[in-house]
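Student: Following this message is one structure expressed as structure tokens.
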Amino acid sequence: MNAAHRAAGISKLTGASLDLFHAVNLSGLDRLRRMTPGIPADLDERLTAQPLEEMRRLAADLSERHGAAVGVRVGIGPASVQIDAQAAALPADLMVLGDRGAGALSRLVLGSTAARMAETASCSVLIVKRPPSEPYRSVLVPVDFSSNSLPALRTALAVAPECRIALFHAYGVPFEGKLRAAGIREELLEQYRAAERTATFADMRRLCQAAGLAEHAASLVALRGPVLLRILELEKERNCDLIVMGRHGEGTPLERVFLASVTKQVLAQSQADVLISAGE
């Protein structure tokens, strides 16, 4: 429900079209028929009709509350496969999912589906964790200055055009531990850190300019330390209701694994909604 209402709010704010989708997995129905005589022949139609009717009622409610035109679609098959197929068929610019459902089993299934879609979907994916009460107001955009950073910032501006944006980069001195072990003085390391921090702010200003964002319209934050910890600290300090991150596909295999791990941890540990930008 939270995801549907957030999607309707974004649709109204941006003018984007909105389609609700539900996947019905009937993979075990044939086995059930073989094991249980007397199963109605039209059971698959009945199992599909119920969620379709519920979706229609939800679409009517969203239209009344948000003034958005809402389409309804139902697919038959595994959720992740069907969701991705529907997103490609539309084609969708943004996929909006809840982070979990009701009940222990639903939390497990929907949670894994949301995580899989955030990693593999062909479009950007918004994972909704909070009941929406207003458009996004405080958005955190962690960047690493790869080719994914500018699309992430542009996605944040498209989804939340009225928000306050904090652009964040975690900086450090490359090989700092090895340099210290090699006897490099702390004063020299501090000079390196200061130079890295200055370069970080220059890169963030260039990123804002490329996105068409006036410098005074965004807070630029450069901090040393573990990336995940700093993201979670900033989320709390700035009362962020949305975190926007690029999908990482660059760098060495080890770097990609690390960045993907950070994204997964943000998805798991943050209180704010999380949007994974698919890039351009």
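Quick note on naming: the chains in the structure tokens go A, B, ... in the order shown, residues restart at 1 in each chain, and ligands are numbered from 1 in order of appearance.
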Identify, on the basis of only C-alpha atoms, every residue whose closest approach to Leu18 in chain A does not exceed 7 Å; exclude the query and any residue fewer than 3 positions from it along the same chain; express the result as an NGL selection string.
Tutor: :A and (8 or 11 or 69-71)
Student: Residues at most 10 Å from range 212-225 of chain A, counting only C-alpha atoms, excluding those fewer than 5 positions away in the same chain, as an MDAnalysis selection string?
Tutor: chainID A and resid 139:142 153:154 157 163:173 193 196:198 200:202 204:207 230:231 234
Student: What is the CA of Leu275 in chain A-CA of Val24 in chain A distance in Å, reported with one decimal?
Tutor: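 Separating CA of Leu275 in chain A from CA of Val24 in chain A is a distance of 25.2 Å.
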